[in-house]
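> So here's input-v9.txt, just compact mmCIF, C-alpha atoms and all ligand atoms:
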# COMPACT_ATOMS: atom_id res chain seq x y z
CA MET A 284 244.50 62.28 87.39
CA GLY A 285 243.59 58.66 87.98
CA ALA A 286 240.03 57.56 88.53
CA MET A 287 239.82 55.51 91.68
CA TRP A 288 236.54 54.40 93.19
CA VAL A 289 235.07 51.68 95.37
CA SER A 290 232.71 49.52 93.36
CA ARG A 291 231.73 47.15 96.13
CA ILE A 292 231.98 46.63 99.88
CA GLU A 293 231.43 43.28 101.60
CA LEU A 294 231.29 43.02 105.37
CA THR A 295 231.38 40.04 107.68
CA ASP A 296 230.85 40.58 111.41
CA PHE A 297 232.06 44.15 111.21
CA ARG A 298 230.46 46.30 113.97
CA ASN A 299 226.67 45.71 113.75
CA TYR A 300 226.85 44.04 110.30
CA ALA A 301 226.64 40.24 110.30
CA GLU A 302 226.83 39.82 106.51
CA ALA A 303 226.27 42.77 104.21
CA SER A 304 227.34 43.88 100.80
CA VAL A 305 226.71 46.92 98.68
CA SER A 306 227.55 47.91 95.11
CA LEU A 307 228.37 51.58 94.82
CA ASP A 308 228.02 54.26 92.19
CA PRO A 309 231.23 55.99 91.04
CA GLY A 310 229.56 59.31 91.89
CA LEU A 311 227.28 60.13 94.80
CA ASN A 312 225.92 57.48 97.14
CA LEU A 313 223.43 58.48 99.81
CA PHE A 314 222.80 56.27 102.85
CA LEU A 315 219.66 57.03 104.79
CA GLY A 316 218.62 55.51 108.08
CA LEU A 317 217.49 56.20 111.60
CA ASN A 318 220.02 56.57 114.38
CA ALA A 319 222.12 53.57 115.40
CA GLN A 320 221.38 51.49 112.26
CA GLY A 321 224.95 51.31 110.97
CA LYS A 322 225.51 54.34 108.72
CA THR A 323 228.69 55.50 110.41
CA ASN A 324 229.84 51.89 110.72
CA LEU A 325 229.60 51.45 106.95
CA LEU A 326 231.68 54.57 106.27
CA GLU A 327 234.13 53.44 108.94
CA SER A 328 234.56 50.12 107.12
CA VAL A 329 235.62 51.96 103.95
CA TYR A 330 238.05 53.97 106.03
CA VAL A 331 239.50 50.80 107.54
CA ALA A 332 239.91 49.34 104.05
CA SER A 333 242.08 52.35 103.22
CA ALA A 334 244.01 52.88 106.47
CA GLY A 335 244.10 49.37 107.97
CA ARG A 336 242.70 50.78 111.20
CA SER A 337 239.84 52.92 112.41
CA TYR A 338 239.85 56.66 113.02
CA ARG A 339 237.59 56.29 116.04
CA ALA A 340 237.97 52.89 117.71
CA SER A 341 240.44 52.69 120.55
CA SER A 342 241.23 49.09 119.63
CA ASP A 343 240.70 46.83 116.62
CA ALA A 344 238.69 44.48 118.81
CA ASP A 345 235.93 47.13 119.06
CA LEU A 346 235.32 46.61 115.37
CA VAL A 347 234.49 42.94 115.69
CA ARG A 348 230.78 42.24 116.01
CA TRP A 349 229.96 41.44 119.60
CA ASP A 350 230.35 37.75 120.46
CA ARG A 351 231.94 36.98 117.11
CA PRO A 352 235.56 35.80 116.63
CA PHE A 353 236.67 38.05 113.73
CA PHE A 354 235.63 40.62 111.17
CA ARG A 355 236.38 40.90 107.48
CA ILE A 356 236.05 43.82 105.11
CA VAL A 357 236.41 43.35 101.36
CA ALA A 358 236.62 46.44 99.17
CA LYS A 359 236.71 46.19 95.40
CA VAL A 360 238.45 49.21 94.01
CA GLU A 361 238.34 50.29 90.39
CA ARG A 362 241.61 51.89 89.35
CA LYS A 363 244.19 52.01 86.61
CA PRO A 364 245.74 49.83 85.32
CA SER A 365 243.46 47.19 86.81
CA PRO A 366 240.90 46.83 89.62
CA VAL A 367 242.07 45.52 93.00
CA ARG A 368 240.45 43.61 95.81
CA LEU A 369 241.47 44.75 99.28
CA GLU A 370 240.73 42.60 102.27
CA VAL A 371 241.17 43.53 105.91
CA GLY A 372 240.53 40.87 108.52
CA TYR A 373 241.05 40.91 112.22
CA SER A 374 240.49 38.26 114.84
CA ARG A 375 239.75 38.93 118.49
CA GLU A 376 243.03 37.28 119.51
CA GLY A 377 244.78 40.08 117.68
CA ARG A 378 245.60 38.36 114.42
CA ARG A 379 245.40 40.80 111.55
CA LEU A 380 245.30 39.76 107.94
CA ILE A 381 245.49 42.22 105.10
CA ARG A 382 245.47 40.87 101.58
CA LEU A 383 245.66 42.22 98.08
CA ASN A 384 243.75 40.40 95.34
CA GLY A 385 242.93 37.47 97.59
CA THR A 386 246.44 36.10 98.04
CA GLU A 387 249.23 38.62 98.48
CA LYS A 388 249.76 39.67 102.11
CA ILE A 389 250.45 43.37 102.55
CA ARG A 390 250.94 45.72 105.49
CA GLY A 391 248.25 48.12 106.69
CA ALA A 392 250.32 51.09 105.59
CA GLU A 393 250.36 49.77 102.02
CA LEU A 394 246.58 49.90 101.64
CA SER A 395 246.74 53.62 100.98
CA SER A 396 248.64 52.97 97.75
CA PHE A 397 245.40 51.44 96.44
CA LEU A 398 242.66 53.39 98.18
CA ASN A 399 242.61 56.87 99.71
CA VAL A 400 239.69 58.32 101.59
CA VAL A 401 238.90 61.55 103.38
CA MET A 402 236.34 61.36 106.16
CA PHE A 403 234.14 64.33 107.08
CA THR A 404 232.32 63.99 110.40
CA PRO A 405 230.75 66.38 112.91
CA ASP A 406 233.63 65.38 115.20
CA ASP A 407 235.97 67.27 112.87
CA LEU A 408 235.02 70.37 114.82
CA ALA A 409 237.56 69.11 117.36
CA LEU A 410 240.19 70.20 114.87
CA VAL A 411 239.45 73.76 115.91
CA LYS A 412 237.85 73.35 119.32
CA GLY A 413 239.69 70.30 120.64
CA SER A 414 243.09 69.82 122.23
CA PRO A 415 246.50 70.16 120.57
CA GLY A 416 246.53 66.33 120.63
CA ASP A 417 243.44 66.29 118.38
CA ARG A 418 245.21 68.54 115.90
CA ARG A 419 248.38 66.46 115.94
CA ARG A 420 246.32 63.31 115.35
CA PHE A 421 244.67 64.96 112.33
CA LEU A 422 248.03 65.94 110.88
CA ASP A 423 249.56 62.53 111.51
CA LEU A 424 246.68 60.61 109.93
CA GLU A 425 246.68 62.88 106.94
CA ILE A 426 250.41 62.82 106.29
CA SER A 427 250.58 59.06 106.92
CA GLN A 428 248.11 58.54 104.09
CA VAL A 429 250.56 59.90 101.57
CA SER A 430 253.79 58.91 103.32
CA PRO A 431 254.36 55.49 104.89
CA ALA A 432 257.80 56.77 105.94
CA TYR A 433 256.14 59.47 108.04
CA ARG A 434 253.88 56.88 109.62
CA ASN A 435 257.00 55.03 110.63
CA TRP A 436 258.81 58.12 111.99
CA ILE A 437 255.80 58.97 114.16
CA SER A 438 255.80 55.52 115.62
CA VAL A 439 259.57 55.49 116.25
CA TYR A 440 259.40 58.99 117.71
CA GLY A 441 256.60 58.01 120.11
CA LYS A 442 258.53 54.99 121.37
CA THR A 443 261.68 57.07 121.77
CA VAL A 444 259.84 59.61 123.93
CA THR A 445 258.46 56.83 126.12
CA GLN A 446 261.85 55.21 126.60
CA ARG A 447 263.61 58.50 127.15
CA ASN A 448 261.04 59.47 129.79
CA ALA A 449 261.68 56.18 131.61
CA LEU A 450 265.41 56.86 131.51
CA LEU A 451 264.95 60.43 132.77
CA LYS A 452 263.26 59.04 135.86
CA GLN A 453 265.96 56.38 136.33
CA VAL A 454 268.92 58.74 136.16
CA ALA A 455 267.34 61.59 138.10
CA GLY A 456 269.54 60.88 141.13
CA ALA A 457 272.77 60.26 139.21
CA PRO A 458 275.59 62.84 139.01
CA PRO A 459 274.76 65.38 136.24
CA VAL A 460 277.69 64.36 134.04
CA ARG A 461 276.68 60.71 134.17
CA ALA A 462 273.01 61.54 133.53
CA THR A 463 273.95 63.56 130.45
CA GLN A 464 276.18 60.75 129.20
CA LEU A 465 273.33 58.26 129.46
CA LEU A 466 270.78 60.55 127.90
CA GLU A 467 272.82 61.72 124.95
CA PRO A 468 272.25 58.77 122.60
CA TRP A 469 268.52 59.19 123.24
CA ASP A 470 268.71 62.91 122.57
CA ASP A 471 270.41 62.15 119.26
CA GLN A 472 267.75 59.70 118.22
CA LEU A 473 264.92 61.97 119.38
CA ALA A 474 266.35 64.94 117.49
CA ALA A 475 267.07 62.94 114.35
CA VAL A 476 263.59 61.44 114.05
CA GLY A 477 261.80 64.44 115.55
CA ALA A 478 263.40 66.80 113.04
CA ARG A 479 262.03 64.76 110.15
CA VAL A 480 258.56 64.88 111.67
CA ILE A 481 258.78 68.63 112.22
CA ALA A 482 260.10 69.34 108.72
CA ARG A 483 257.28 67.33 107.15
CA ARG A 484 254.64 68.95 109.32
CA ALA A 485 255.94 72.41 108.44
CA GLU A 486 255.76 71.58 104.75
CA VAL A 487 252.24 70.13 104.92
CA ILE A 488 250.87 72.96 107.06
CA ALA A 489 252.21 75.52 104.57
CA TYR A 490 250.30 73.61 101.89
CA LEU A 491 247.09 73.47 103.96
CA ASP A 492 247.46 77.17 104.67
CA GLU A 493 247.44 78.04 101.00
CA LEU A 494 244.74 75.57 99.88
CA GLY A 495 242.64 76.16 102.99
CA ARG A 496 242.59 79.90 102.33
CA GLU A 497 241.31 79.33 98.80
CA ALA A 498 238.69 76.77 99.89
CA HIS A 499 237.52 79.15 102.60
CA ARG A 500 237.06 81.94 100.07
CA ARG A 501 235.03 79.61 97.82
CA ILE A 502 232.69 78.21 100.46
CA THR A 503 232.02 81.34 102.46
CA GLY A 504 232.20 84.02 99.80
CA THR A 505 233.21 86.46 102.55
CA PRO A 506 236.36 88.60 102.60
CA GLY A 507 237.65 86.93 105.82
CA VAL A 508 241.12 85.45 105.28
CA LEU A 509 241.89 82.06 106.80
CA ALA A 510 245.41 81.19 107.92
CA VAL A 511 246.72 77.84 109.13
CA ARG A 512 249.84 78.26 111.26
CA TYR A 513 252.28 75.76 112.65
CA VAL A 514 253.11 76.28 116.33
CA PRO A 515 256.12 73.99 116.76
CA SER A 516 257.34 73.27 120.26
CA VAL A 517 260.94 73.60 119.06
CA GLN A 518 261.70 76.91 117.36
CA PHE A 519 263.85 76.61 114.25
CA GLU A 520 265.21 78.97 111.63
CA ALA A 521 265.21 77.12 108.33
CA PRO A 522 262.76 74.26 107.74
CA ASN A 523 265.47 71.74 106.79
CA VAL A 524 266.08 68.58 108.77
CA GLN A 525 269.67 69.38 109.84
CA SER A 526 268.97 72.79 111.23
CA ILE A 527 265.83 71.59 113.01
CA ALA A 528 267.76 68.69 114.57
CA ARG A 529 270.41 71.13 115.81
CA ALA A 530 267.80 73.42 117.36
CA PHE A 531 266.06 70.42 118.91
CA LYS A 532 269.28 69.12 120.52
CA ALA A 533 270.13 72.54 121.86
CA ARG A 534 266.69 72.74 123.40
CA LEU A 535 267.10 69.34 125.06
CA ALA A 536 270.45 70.36 126.54
CA GLN A 537 268.91 73.60 127.77
CA ASN A 538 266.02 71.78 129.47
CA ARG A 539 268.20 69.05 131.00
CA GLN A 540 267.77 70.01 134.66
CA VAL A 541 264.03 70.59 134.50
CA GLU A 542 263.46 67.40 132.54
CA LEU A 543 265.39 65.40 135.12
CA ILE A 544 263.23 66.84 137.88
CA ARG A 545 259.97 66.29 136.02
CA GLY A 546 260.89 62.99 134.38
CA VAL A 547 259.31 63.93 131.04
CA THR A 548 260.52 65.12 127.64
CA MET A 549 259.30 68.68 127.50
CA SER A 550 259.86 69.67 123.89
CA GLY A 551 259.41 68.06 120.50
CA PRO A 552 256.71 67.15 117.98
CA HIS A 553 254.62 65.55 120.76
CA ARG A 554 254.06 69.10 122.05
CA ASP A 555 253.32 70.77 118.69
CA ASP A 556 250.13 72.61 117.86
CA VAL A 557 248.36 74.15 114.88
CA LEU A 558 246.61 77.50 114.99
CA PHE A 559 243.70 78.64 112.80
CA GLN A 560 243.21 82.34 112.31
CA LEU A 561 240.57 84.39 110.55
CA ASP A 562 241.89 87.85 109.70
CA GLY A 563 244.61 87.27 112.26
CA VAL A 564 242.25 86.27 115.08
CA ASN A 565 242.28 82.81 116.70
CA VAL A 566 239.20 80.91 115.46
CA ALA A 567 239.13 78.56 118.48
CA THR A 568 238.83 81.40 120.99
CA PHE A 569 236.99 84.09 119.07
CA GLY A 570 235.32 82.43 116.09
CA SER A 571 231.54 82.00 115.91
CA GLN A 572 230.13 78.48 115.50
CA GLY A 573 229.67 79.15 111.81
CA GLN A 574 233.23 80.43 111.41
CA GLN A 575 234.55 77.38 113.21
CA ARG A 576 232.60 75.07 110.91
CA SER A 577 233.74 76.92 107.79
CA THR A 578 237.32 76.70 109.00
CA VAL A 579 237.09 72.96 109.53
CA LEU A 580 235.39 72.40 106.19
CA SER A 581 238.04 74.49 104.40
CA VAL A 582 240.86 72.55 106.01
CA LYS A 583 239.21 69.24 105.10
CA LEU A 584 238.78 70.35 101.50
CA ALA A 585 242.44 71.36 101.53
CA GLU A 586 243.21 67.85 102.79
CA VAL A 587 241.36 66.38 99.80
CA GLU A 588 243.48 68.44 97.42
CA PHE A 589 246.62 67.61 99.34
CA ILE A 590 246.02 63.88 99.03
CA GLN A 591 245.11 64.24 95.39
CA ALA A 592 248.29 66.20 94.67
CA HIS A 593 250.51 63.70 96.50
CA THR A 594 249.04 60.42 95.32
CA GLY A 595 247.77 61.31 91.85
CA ASP A 596 244.42 59.77 92.80
CA ARG A 597 241.20 61.46 93.71
CA PRO A 598 240.35 60.28 97.22
CA VAL A 599 236.94 58.81 98.01
CA LEU A 600 235.03 61.19 100.25
CA LEU A 601 233.08 59.92 103.24
CA LEU A 602 230.59 62.52 104.48
CA ASP A 603 229.13 61.29 107.73
CA ASP A 604 226.15 63.29 108.83
CA VAL A 605 227.66 66.60 107.80
CA LEU A 606 225.24 68.01 105.21
CA SER A 607 222.53 68.67 107.77
CA GLU A 608 225.02 70.63 109.88
CA LEU A 609 225.76 73.13 107.16
CA ASP A 610 223.74 76.11 106.12
CA GLU A 611 222.35 76.17 102.61
CA ARG A 612 225.19 78.13 101.09
CA ARG A 613 227.96 75.96 102.46
CA ARG A 614 226.05 72.80 101.67
CA ALA A 615 225.58 73.88 98.07
CA HIS A 616 229.26 74.76 97.79
CA LEU A 617 230.38 71.50 99.30
CA LEU A 618 228.19 69.47 96.96
CA ALA A 619 229.30 71.58 94.01
CA GLU A 620 232.95 70.82 94.82
CA VAL A 621 232.25 67.14 95.14
CA VAL A 622 229.77 66.33 92.39
CA GLY A 623 231.36 64.93 89.29
CA GLN A 624 234.82 65.10 90.88
CA TYR A 625 234.96 62.47 93.60
CA GLN A 626 233.20 59.31 94.53
CA THR A 627 231.27 60.30 97.64
CA LEU A 628 229.44 58.33 100.31
CA VAL A 629 227.02 60.52 102.25
CA THR A 630 224.99 59.51 105.30
CA SER A 631 221.97 61.25 106.70
CA VAL A 632 219.15 60.50 109.13
CA GLU A 633 216.97 62.73 107.05
CA PRO A 634 215.06 61.48 103.99
CA GLY A 635 214.76 65.16 102.99
CA CYS A 636 218.43 65.03 102.01
CA VAL A 637 217.44 63.09 98.89
CA GLY A 638 216.00 66.35 97.59
CA ILE A 639 219.32 68.16 97.52
CA MET A 640 221.16 65.36 95.74
CA PRO A 641 221.84 65.56 92.05
CA ALA A 642 219.61 63.30 89.97
CA ARG A 643 222.28 60.63 89.46
CA ALA A 644 222.83 59.89 93.15
CA ARG A 645 222.30 56.30 94.21
CA VAL A 646 220.17 56.02 97.33
CA PHE A 647 220.32 53.29 99.98
CA THR A 648 218.62 52.77 103.29
CA ILE A 649 220.30 51.16 106.27
CA ASP A 650 218.21 49.37 108.81
CA ALA A 651 219.71 47.38 111.71
CA GLY A 652 222.83 46.35 109.83
CA LYS A 653 221.06 45.65 106.53
CA ILE A 654 221.65 47.77 103.44
CA HIS A 655 218.84 48.16 100.90
CA THR A 656 219.00 49.83 97.50
CA GLU A 657 216.20 52.35 97.15
CA GLU A 658 214.18 53.30 94.11
CA VAL A 659 213.71 56.87 95.30
CA ALA A 660 213.51 59.57 92.67
CA PRO A 661 215.69 62.44 93.89
CA GLY A 662 214.01 65.81 93.94
CA VAL A 663 210.65 64.61 95.26
CA VAL A 664 211.24 66.07 98.72
CA PRO A 665 211.81 69.82 99.07
CA PRO A 666 215.48 70.65 99.77
CA GLU A 667 214.69 72.36 103.10
CA GLY A 668 213.85 68.97 104.63
CA CYS A 669 217.50 68.03 104.91
CA ALA A 670 218.50 70.56 107.52
CA GLU A 671 215.25 71.44 109.27
CA ARG A 672 213.92 68.02 110.09
CA HIS A 673 217.32 66.93 111.30
CA SER A 674 217.59 69.70 113.84
CA GLU A 675 214.25 68.58 115.28
CA GLN A 676 215.54 65.06 115.54
CA ALA A 677 218.70 66.24 117.26
CA ARG A 678 216.63 68.11 119.79
CA ILE A 679 214.52 65.07 120.62
CA GLN A 680 217.55 62.90 121.19
CA GLY A 681 219.36 65.13 123.60
CA PRO A 682 223.04 65.58 124.28
CA SER A 683 224.42 62.19 123.26
CA ALA A 684 223.18 62.61 119.70
CA LEU A 685 224.61 66.10 119.54
CA ALA A 686 227.95 64.89 120.80
CA GLY A 687 228.61 63.07 117.56
CA GLY A 688 225.89 60.47 117.16
CA ASP A 689 227.83 57.37 118.08
CA ALA A 690 227.13 57.27 121.77
CA GLY A 691 227.18 53.73 123.06
CA VAL A 692 229.53 52.52 120.37
CA GLU A 693 232.76 52.67 122.31
N1 LIG B 1 231.42 45.79 117.67
C1 LIG B 1 230.09 45.95 117.56
N2 LIG B 1 229.27 44.88 117.49
C2 LIG B 1 227.93 45.04 117.37
N3 LIG B 1 227.32 46.23 117.29
C3 LIG B 1 228.08 47.32 117.35
C4 LIG B 1 229.52 47.25 117.47
N4 LIG B 1 230.01 48.50 117.49
C5 LIG B 1 228.95 49.32 117.39
N5 LIG B 1 227.80 48.62 117.30
C6 LIG B 1 226.43 49.17 117.18
O1 LIG B 1 226.22 49.67 115.90
C7 LIG B 1 225.10 50.53 115.97
C8 LIG B 1 225.09 51.47 114.81
O2 LIG B 1 226.13 52.37 114.93
P1 LIG B 1 226.40 53.57 113.90
O3 LIG B 1 227.32 54.50 114.59
O4 LIG B 1 226.83 53.07 112.58
O5 LIG B 1 224.94 54.21 113.76
P2 LIG B 1 224.44 55.34 112.76
O6 LIG B 1 223.49 54.72 111.81
O7 LIG B 1 225.59 56.09 112.22
O8 LIG B 1 223.60 56.23 113.76
P3 LIG B 1 223.55 57.85 113.96
O9 LIG B 1 222.53 58.35 113.02
O10 LIG B 1 223.09 57.97 115.38
O11 LIG B 1 224.91 58.38 113.73
C9 LIG B 1 225.15 51.14 117.37
O12 LIG B 1 223.90 51.01 117.99
C10 LIG B 1 226.19 50.32 118.11
O13 LIG B 1 225.70 49.87 119.35
MG MG B 2 226.42 57.92 112.65
Is it possible to express this structure as C-alpha cells?


Amino acid sequence: MGAMWVSRIELTDFRNYAEASVSLDPGLNLFLGLNAQGKTNLLESVYVASAGRSYRASSDADLVRWDRPFFRIVAKVERKPSPVRLEVGYSREGRRLIRLNGTEKIRGAELSSFLNVVMFTPDDLALVKGSPGDRRRFLDLEISQVSPAYRNWISVYGKTVTQRNALLKQVAGAPPVRATQLLEPWDDQLAAVGARVIARRAEVIAYLDELGREAHRRITGTPGVLAVRYVPSVQFEAPNVQSIARAFKARLAQNRQVELIRGVTMSGPHRDDVLFQLDGVNVATFGSQGQQRSTVLSVKLAEVEFIQAHTGDRPVLLLDDVLSELDERRRAHLLAEVVGQYQTLVTSVEPGCVGIMPARARVFTIDAGKIHTEEVAPGVVPPEGCAERHSEQARIQGPSALAGGDAGVE
C-alpha cells in the first residue's frame, strides 16, 4: 500500500484566505478556530486539489476570494516514486488551469491519480436523511474518484437525458410511428451509457454493503446488521451491461406514451436511489439520530476502504467538525481506525478536542484566514471538553450553525 500524504498547502485568494500556507504532519493535524475563520475552507481547498472542483460550491467562482480575479491552490504531495506538486487555479472569467509539477497541464479528473481524499462533514447526514439526489451525488463523486471513465459516462448520460427530454417535448404532437423513429437513436444512446452507470453503481454498492456492515459492527459494537441496497429505477436480472441495456430499452419502449405526454425521461440512473437498512428496517424512516449517524459513518469508512482498494493509495481524510458530533465510543473508534493509518486533517471549534488527540498530533489555529502553528501539548485539557463545550456553542449560535456551520458562505 503506497504512502501518500499532503506535505504542504499554499493558498492564494481562495475563499477567505488572501495568502496562506501550512506544512502538514503525515499523521494527525488538528485545526482549531472559532466559527467562520476558515477551517472548512482549508479542508475544502485540499478537496479541490484532489477533485478539481468543490463538493459544496455551486460554481467555481464562489471559491475566488471576494473582489479578487482568481484563486490558486498548490498542494505538495509526498508519494512513490517521487513527490508531486499539484496546482489548481481558476479565474473569475472561467479560465481554469490545472498543472502538475509546475508545467504539465492536466485535466481535473486526472488529479485523483495523484491525490485522493475522503471528506467527513456533518452534512453527510444527508446521505441517509436527504433526497435520492443527495445519495446519487455521493455515489457519483465516490466512483468518479477511482474511475475517470465513470465521471465521463455520468456527464454524457446527463446531457443525453436533457436532449432527449427536449426532443420528447418537440415530437409530442407527431404521429406515434414518427415520434418513435426520432426517439430511437436517443433511446439507444441512453441505454448504452445508462447501463454502464447502473452496472458500476451495482458493483460499488455491493462493495459498500459488505464493508459498511463490517465498519458498523466495529464502531457500534451492537448486534444490529447494516445493509446498503441499490434501488435502481430500471429493474434488471443480471448485473452485466448488455442485459441491463436490454432491460432499459424495453422500459423506455413501455413508457413511450407517458413520456411523450409528460415530456420527461421517466426511468434510468437519474432516478436511482440507495437504501440503508438496520436489521431490515429503513434507517431514514425509523432510525434514531444515533443510528443514522452510525450508518453514515460506517458508509464513509467503507468509502475510505473502497478508494484504498481501487487506487492502491491510502486516501487523506478530511474530518470537518465531526468529532464533536459523535459520542465517546464512536469518536474513540473513529480515531482508532484513523491513527497511524491515514493522514488526517481534523477541524474543531473546541480547544478541548486537543485532549483526545494522540500525542503526535500537530495543532494549528485558524483566525480570520491566517493559519498559525501551535505549541500546545496534547492531553492538557480533559477529553470531555471536545463534545460538551461544543454543544453549548451550538446552542448559542442557533439554527444556522446547526445546519452545517457554513451559513453565509454560499
Ligand atoms: N469567496 C469568498 N471570499 C471571501 N470570503 C469567503 C468566501 N467564501 C466564504 N468566505 C468566508 O469564509 C468564512 C469562513 O468560512 P468557513 O466555512 O471556512 O468557516 P469555519 O472556520 O469552518 O467556521 P465554522 O466553525 O462555523 O464551520 C465565512 O465567514 C465566509 O463568509
Ligand atoms: Mg466549518

> Could you check which of A:Ala301, A:Val547, A:Ile292, A:Leu315 is closest to A:Pro634, using all atoms listed in the file?

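Answer, going by the shortest atom-to-atom distance: A:Leu315.
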
> Could you give me, as a Markdown table, every stretch 388-425 of chain A residue with an atom at most 9 Å from stretch 565-572 of chain A, plus its closest atom pair and distance in Å to one decimal, counting all atoms listed in the file, rows ordered by chain then number?


| residue | atom | partner | partner_atom | distance |
| --- | --- | --- | --- | --- |
| A:Val411 | CA | A:Ala567 | CA | 5.5 |
| A:Lys412 | CA | A:Ala567 | CA | 5.4 |
| A:Gly413 | CA | A:Ala567 | CA | 8.6 |

> Determine the nearest neighbour of A:Ser577 from the options A:Leu422, A:Leu410, A:Ala489, A:Leu465, counting all atoms listed in the file.

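Of all the options, A:Leu410 lies closest to A:Ser577.
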
> Name each residue within 9 Å of ligand MG 2 (chain B), counting only C-alpha atoms and all ligand atoms, as a PyMOL selection string.

chain A and resi 318-324+326+404+603-604+630-632+687-689

> Write out as a ChimeraX atom specification each polymer residue whose atoms come within 7 Å of stretch 517-529 of chain A, counting all atoms listed in the file; drop sequence neighbours fewer than 5 positions from it.

/A:474-475,478-479,482,550-551

> May I ask which of the residues A:Glu425, A:Asp650, A:Glu497, A:Glu467 is the closest one to A:Phe589, counting all atoms listed in the file?

A:Glu425

> Pull the neighbourhood of (233.9, 62.2, 94.4) for me: all residues within 7 Å in file coordinates, counting only C-alpha atoms, as an MDAnalysis selection string.

chainID A and resid 310:311 599:600 621:627

> Which residue out of A:Gly546, A:Gly335, A:Pro431, A:Pro366 has the minimum interatomic distance to A:Arg382 when only C-alpha atoms are used?

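Smallest separation from A:Arg382 among the options: A:Gly335.
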
> Kindly indicate which residue among A:Gly377, A:Pro405, A:Pro468, A:Gly372 lies nearest to ligand LIG 1 (chain B), using only C-alpha atoms and all ligand atoms for the distances.

A:Pro405

> Just give me the gap between atom CA of A:Arg419 and atom CA of A:Ser395 in Å, one decimal is fine.

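That distance, rounded to one decimal, is 19.8 Å.
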
> Box time for stretch 431-446 of chain A: axis-aligned, enclosing all its listed atoms, 4 Å extra on each side; report centre and edge lengths in Å to one decimal, as lines of an AutoDock Vina configuration file.


center_x = 257.9
center_y = 57.3
center_z = 115.7
size_x = 16.0
size_y = 12.6
size_z = 29.7

> I'd like the contact shell of A:Thr578 - 10 Å cut-off, only C-alpha atoms, skipping same-chain residues fewer than 6 positions apart - returned as a VMD selection string.

chain A and resid 408 410 to 411 495 to 496 498 to 499 502 to 503 509 to 511 559 to 561 566 to 567 570 572 584

> Take atom CA of A:Asp596 and atom CA of A:Glu327 and report the distance between them in Å, one decimal.

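Value for the atom CA of A:Asp596-atom CA of A:Glu327 distance: 20.2 Å.
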
> Could you check which of A:Leu606, A:Gln537, A:Ala392, A:Gly507 is closest to A:Cys636, using only C-alpha atoms?

A:Leu606

> Take atom CA of A:Leu491 and atom CA of A:Ala585 and report the distance between them in Å, one decimal.

5.7 Å
